[in-house]
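Some notes on the structure that comes next.
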Amino acid sequence: MNESQPSSQSNTGVTAHGDAQAVEKLREASIRLKAEIGKVVIGQDQVIDSLLVALLSRGHALLIGVPGVGKTLMARSLARALDMEYRRIQFTPDLMPSDITGTDIIIEEPETNRRRLEFQRGPLFTNFLLADEINRAPPKTQSALLQAMQEQEVSVGRHTYSLSPPFFVVATQNPVEQEGTYPLPEAQLDRFMLNIPVGYPTPQQEADIVKSTTTNTKVELQPILSSAEVLRLQELVRGVPVANDVVDYAVALANCSRPTSNAQKNSFGDKQANEIQKYIRYGASPRASQYLILGAKALAILKGRFHVDFEDVKSIASSVLRHRLILNFHARSDELDSDEIIRRILTQVRIK
């Protein structure tokens, strides 16, 4: 079977003509978005694509990179180009949950001299949240953010407040500085749809960055999409049809990352399964399978296609799986990381 033409289409598709037009509009909008962001962010096209995939899939993204590579700038520029309400929280060790969720304050009414409690909303109540250096916050504060990411609501005291959609979190993390940090627990890492590495620019890109940032020229970004349009595009992503074979492939990838799963042996034999299995302590949860398909849908329509193929799943697999694999001491002793384990899984899992 041709990998680019999966069979067994599901029944979740929508009208071909109308949504084909919407897909084309989205593809054009993504091109204009990247061109607009490219006025201030040089290079990093793949990172921008991944952020768009997470946004359109109603997921959240974790940017991993050393200081100074433009993580904050990319998030802020994307928010401006999307015309979304944007807030930035600088996470610090003394940050409390109420600092981000908000708190009840006492209000005295001058007419009656009576006091009442009024909830003052924190910076979590926005559409686009940049959680800068998220691993600097203590676990209690991280837990408050976790509820907002998963449930799109905030609990303060006896009350629960809903967040207005779309709600998109981009968090940044410095992988080299560990002093004064609190590593994100696996439960919170699993809430991030994508783990996106941000590398150094090429020498030519770095030269262009230096030229563009050492003058008096200021660039004002123009909004390309509104919040309402983003919501409609998120609905469009959910409606993209996916072949049953592609769904089975995504599930097989997630299953093969689990050391106790028999899916590895079924996919590529006992010996190859053991070669991968011995390095993994804990594998990806079912949420990974969901995000593999949602990410593949978003990736497909960003490329102007109204169907998902196996290559879309492969393209998004590393970003979905790398933070969901917990490796054991065998992997450390053999100097293997999650990306290498994922590469082996992708190489050896059979497409039926």
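Just so we're on the same page: first chain in the structure tokens is A, next is B, and so on; residues restart at 1 for each chain, and ligands are numbered from 1 in the order they show up.
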
- Item | Residues flagged alpha helix (DSSP H) by DSSP in segment 68-260 of chain A, as a PyMOL selection string | chain A and resi 71-82+97-101+139-151+186-189+203-213+227-238+244-255

Could those residues be written to a file, using C-alpha atoms, as a tab-separated table (two decimals), in the first residue's frame?
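Writing done, so here's result_5.tsv:
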```tsv
chain	number	residue	atom	x	y	z
A	71	LYS	CA	11.88	31.66	22.68
A	72	THR	CA	10.06	34.60	24.30
A	73	LEU	CA	10.25	36.68	21.13
A	74	MET	CA	8.66	33.91	19.06
A	75	ALA	CA	5.76	33.48	21.47
A	76	ARG	CA	5.13	37.22	21.76
A	77	SER	CA	5.32	37.72	18.01
A	78	LEU	CA	2.91	34.86	17.34
A	79	ALA	CA	0.42	36.30	19.82
A	80	ARG	CA	0.56	39.72	18.15
A	81	ALA	CA	0.16	38.26	14.68
A	82	LEU	CA	-2.88	36.36	15.91
A	97	PRO	CA	-0.63	30.25	42.92
A	98	SER	CA	-2.71	33.36	43.66
A	99	ASP	CA	-0.16	35.43	41.72
A	100	ILE	CA	-1.26	33.72	38.52
A	101	THR	CA	-4.86	32.68	39.21
A	139	PRO	CA	5.23	22.71	42.56
A	140	LYS	CA	2.14	24.35	44.10
A	141	THR	CA	2.20	27.11	41.49
A	142	GLN	CA	2.84	24.61	38.70
A	143	SER	CA	-0.24	22.67	39.85
A	144	ALA	CA	-2.43	25.78	39.53
A	145	LEU	CA	-1.27	26.15	35.94
A	146	LEU	CA	-1.87	22.45	35.30
A	147	GLN	CA	-5.59	22.75	36.08
A	148	ALA	CA	-5.93	25.70	33.71
A	149	MET	CA	-4.14	23.83	30.92
A	150	GLN	CA	-6.17	20.66	31.27
A	151	GLU	CA	-9.62	21.88	32.29
A	186	GLU	CA	5.67	13.88	34.50
A	187	ALA	CA	1.98	14.67	35.04
A	188	GLN	CA	2.49	18.28	34.01
A	189	LEU	CA	4.82	17.44	31.14
A	203	PRO	CA	25.88	31.88	11.05
A	204	GLN	CA	24.02	33.70	8.26
A	205	GLN	CA	20.82	33.84	10.30
A	206	GLU	CA	22.76	35.12	13.29
A	207	ALA	CA	24.33	37.84	11.15
A	208	ASP	CA	20.85	38.88	9.98
A	209	ILE	CA	19.65	38.93	13.60
A	210	VAL	CA	22.52	41.18	14.62
A	211	LYS	CA	21.86	43.57	11.73
A	212	SER	CA	18.13	43.81	12.42
A	213	THR	CA	18.40	44.30	16.18
A	227	SER	CA	-9.39	34.86	18.23
A	228	ALA	CA	-12.74	34.06	16.62
A	229	GLU	CA	-11.01	32.86	13.47
A	230	VAL	CA	-8.64	30.72	15.52
A	231	LEU	CA	-11.65	29.04	17.17
A	232	ARG	CA	-13.16	28.27	13.76
A	233	LEU	CA	-9.86	26.84	12.54
A	234	GLN	CA	-9.62	24.64	15.63
A	235	GLU	CA	-13.02	23.23	14.75
A	236	LEU	CA	-11.80	22.66	11.19
A	237	VAL	CA	-8.85	20.62	12.44
A	238	ARG	CA	-11.17	18.37	14.42
A	244	ASN	CA	-8.27	3.87	10.28
A	245	ASP	CA	-4.84	2.63	9.19
A	246	VAL	CA	-3.30	5.95	10.22
A	247	VAL	CA	-5.03	5.85	13.60
A	248	ASP	CA	-3.75	2.31	14.13
A	249	TYR	CA	-0.24	3.46	13.24
A	250	ALA	CA	-0.36	6.31	15.79
A	251	VAL	CA	-1.62	3.94	18.48
A	252	ALA	CA	1.12	1.45	17.61
A	253	LEU	CA	3.81	4.12	18.04
A	254	ALA	CA	2.50	5.03	21.49
A	255	ASN	CA	2.15	1.37	22.47
```

- Message: Give me the residues near Gly65 of chain A as a list in words, where near means some atom within 6 Å (using only C-alpha atoms) and where sequence neighbours in that chain fewer than 6 positions away do not count.
- Response: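 My list of contacting residues is Asn174, Pro197 and Val198 of chain A.
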
- Item | Interatomic distance, atom CA of Thr103 of chain A to atom CA of Glu85 of chain A (Å, one decimal) |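 Atom CA of Thr103 of chain A sits 20.5 Å away from atom CA of Glu85 of chain A.
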
- Message: Ranking A:Tyr291, A:Tyr182, A:Tyr86, A:Phe119 by minimum distance to Leu194 of chain A and counting only C-alpha atoms, which one comes first?
- Response: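 Counting only C-alpha atoms, the residue closest to Leu194 of chain A is A:Tyr291.
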
- Separation of atom CA of Leu63 of chain A from atom CA of Thr172 of chain A, in Å and rounded to one decimal: 4.7 Å

- Task: List every residue of segment 157-316 of chain A that DSSP, applied to the backbone of this structure, places in strand (DSSP E), and write the result as an MDAnalysis selection string.
- Result: chainID A and resid 159:162 168:173 194:197 280:282

- Message: Calculated over only C-alpha atoms, which of the candidates A:Ala131, A:Leu294, A:Ala137, A:Ala22 has the smallest distance to Arg58 of chain A?
- Response: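 Smallest distance to Arg58 of chain A is found for A:Leu294.
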
- Task: Using atom CA of Glu24 of chain A and atom CA of Leu221 of chain A as the two end points, give the distance in Å to one decimal.
- Result: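 Separating atom CA of Glu24 of chain A from atom CA of Leu221 of chain A is a distance of 23.1 Å.
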
When you look at Ile64 of chain A with a cut-off of 12 Å (counting only C-alpha atoms), what residues show up, excluding the ones that are within fewer than 5 positions of it in the same chain? I need them as a PDB file with N, CA and C atoms, in the first residue's frame.
```
ATOM      1  N   VAL A  47       9.989  25.755  14.261  1.00  0.00           N
ATOM      2  CA  VAL A  47       9.432  26.027  15.583  1.00  0.00           C
ATOM      3  C   VAL A  47       8.090  26.736  15.447  1.00  0.00           C
ATOM      4  N   VAL A  69      17.958  32.493  22.481  1.00  0.00           N
ATOM      5  CA  VAL A  69      17.690  31.971  21.138  1.00  0.00           C
ATOM      6  C   VAL A  69      16.327  32.413  20.611  1.00  0.00           C
ATOM      7  N   GLY A  70      15.615  33.242  21.363  1.00  0.00           N
ATOM      8  CA  GLY A  70      14.392  33.846  20.836  1.00  0.00           C
ATOM      9  C   GLY A  70      13.103  33.168  21.221  1.00  0.00           C
ATOM     10  N   LYS A  71      13.096  32.381  22.290  1.00  0.00           N
ATOM     11  CA  LYS A  71      11.878  31.664  22.685  1.00  0.00           C
ATOM     12  C   LYS A  71      10.754  32.648  23.043  1.00  0.00           C
ATOM     13  N   THR A  72      11.073  33.608  23.888  1.00  0.00           N
ATOM     14  CA  THR A  72      10.063  34.596  24.302  1.00  0.00           C
ATOM     15  C   THR A  72       9.629  35.450  23.124  1.00  0.00           C
ATOM     16  N   ASP A 132       7.072  31.968  31.185  1.00  0.00           N
ATOM     17  CA  ASP A 132       8.513  32.061  30.961  1.00  0.00           C
ATOM     18  C   ASP A 132       9.279  31.395  32.101  1.00  0.00           C
ATOM     19  N   GLU A 133      10.210  30.498  31.726  1.00  0.00           N
ATOM     20  CA  GLU A 133      11.029  29.748  32.679  1.00  0.00           C
ATOM     21  C   GLU A 133      10.135  29.045  33.702  1.00  0.00           C
ATOM     22  N   ILE A 134       9.253  28.219  33.190  1.00  0.00           N
ATOM     23  CA  ILE A 134       8.229  27.581  34.009  1.00  0.00           C
ATOM     24  C   ILE A 134       8.826  26.712  35.103  1.00  0.00           C
ATOM     25  N   ASN A 135      10.001  26.159  34.863  1.00  0.00           N
ATOM     26  CA  ASN A 135      10.590  25.263  35.857  1.00  0.00           C
ATOM     27  C   ASN A 135      11.183  26.004  37.050  1.00  0.00           C
ATOM     28  N   VAL A 170       2.148  28.715  26.061  1.00  0.00           N
ATOM     29  CA  VAL A 170       3.501  28.428  25.579  1.00  0.00           C
ATOM     30  C   VAL A 170       4.434  28.628  26.764  1.00  0.00           C
ATOM     31  N   ALA A 171       5.093  27.569  27.171  1.00  0.00           N
ATOM     32  CA  ALA A 171       6.033  27.646  28.290  1.00  0.00           C
ATOM     33  C   ALA A 171       7.455  27.517  27.767  1.00  0.00           C
ATOM     34  N   THR A 172       8.377  28.200  28.436  1.00  0.00           N
ATOM     35  CA  THR A 172       9.788  28.090  28.068  1.00  0.00           C
ATOM     36  C   THR A 172      10.558  27.469  29.220  1.00  0.00           C
ATOM     37  N   GLN A 173      11.627  26.780  28.861  1.00  0.00           N
ATOM     38  CA  GLN A 173      12.454  26.132  29.877  1.00  0.00           C
ATOM     39  C   GLN A 173      13.901  26.136  29.418  1.00  0.00           C
ATOM     40  N   ASN A 174      14.786  26.460  30.343  1.00  0.00           N
ATOM     41  CA  ASN A 174      16.215  26.460  30.079  1.00  0.00           C
ATOM     42  C   ASN A 174      16.776  25.096  30.451  1.00  0.00           C
ATOM     43  N   PRO A 175      17.336  24.356  29.497  1.00  0.00           N
ATOM     44  CA  PRO A 175      17.770  22.987  29.792  1.00  0.00           C
ATOM     45  C   PRO A 175      19.117  22.890  30.495  1.00  0.00           C
ATOM     46  N   VAL A 176      19.863  23.997  30.598  1.00  0.00           N
ATOM     47  CA  VAL A 176      21.221  23.892  31.124  1.00  0.00           C
ATOM     48  C   VAL A 176      21.363  24.452  32.523  1.00  0.00           C
ATOM     49  N   GLU A 177      20.456  25.328  32.937  1.00  0.00           N
ATOM     50  CA  GLU A 177      20.566  25.941  34.252  1.00  0.00           C
ATOM     51  C   GLU A 177      19.638  25.227  35.217  1.00  0.00           C
ATOM     52  N   LEU A 194       3.223  19.375  22.754  1.00  0.00           N
ATOM     53  CA  LEU A 194       4.491  19.291  22.032  1.00  0.00           C
ATOM     54  C   LEU A 194       5.644  19.769  22.897  1.00  0.00           C
ATOM     55  N   ASN A 195       6.762  19.088  22.772  1.00  0.00           N
ATOM     56  CA  ASN A 195       8.032  19.521  23.343  1.00  0.00           C
ATOM     57  C   ASN A 195       8.904  19.937  22.160  1.00  0.00           C
ATOM     58  N   ILE A 196       9.179  21.239  22.072  1.00  0.00           N
ATOM     59  CA  ILE A 196       9.822  21.783  20.870  1.00  0.00           C
ATOM     60  C   ILE A 196      11.214  22.310  21.217  1.00  0.00           C
ATOM     61  N   PRO A 197      12.274  21.689  20.716  1.00  0.00           N
ATOM     62  CA  PRO A 197      13.621  22.210  20.949  1.00  0.00           C
ATOM     63  C   PRO A 197      13.884  23.439  20.078  1.00  0.00           C
ATOM     64  N   VAL A 198      14.514  24.427  20.668  1.00  0.00           N
ATOM     65  CA  VAL A 198      14.876  25.648  19.942  1.00  0.00           C
ATOM     66  C   VAL A 198      16.397  25.722  19.910  1.00  0.00           C
ATOM     67  N   GLY A 199      16.974  25.530  18.734  1.00  0.00           N
ATOM     68  CA  GLY A 199      18.420  25.490  18.602  1.00  0.00           C
ATOM     69  C   GLY A 199      19.020  26.833  18.227  1.00  0.00           C
ATOM     70  N   TYR A 200      20.319  26.811  18.024  1.00  0.00           N
ATOM     71  CA  TYR A 200      21.039  28.022  17.617  1.00  0.00           C
ATOM     72  C   TYR A 200      20.758  28.335  16.141  1.00  0.00           C
ATOM     73  N   SER A 319       8.119  15.399  18.571  1.00  0.00           N
ATOM     74  CA  SER A 319       7.662  16.482  19.448  1.00  0.00           C
ATOM     75  C   SER A 319       6.594  16.014  20.424  1.00  0.00           C
ATOM     76  N   ARG A 322       8.794  12.901  22.877  1.00  0.00           N
ATOM     77  CA  ARG A 322      10.093  13.003  23.544  1.00  0.00           C
ATOM     78  C   ARG A 322       9.982  13.310  25.039  1.00  0.00           C
ATOM     79  N   HIS A 323       8.981  14.068  25.464  1.00  0.00           N
ATOM     80  CA  HIS A 323       8.854  14.380  26.888  1.00  0.00           C
ATOM     81  C   HIS A 323       7.970  13.385  27.625  1.00  0.00           C
TER      82      HIS A 323
END
```
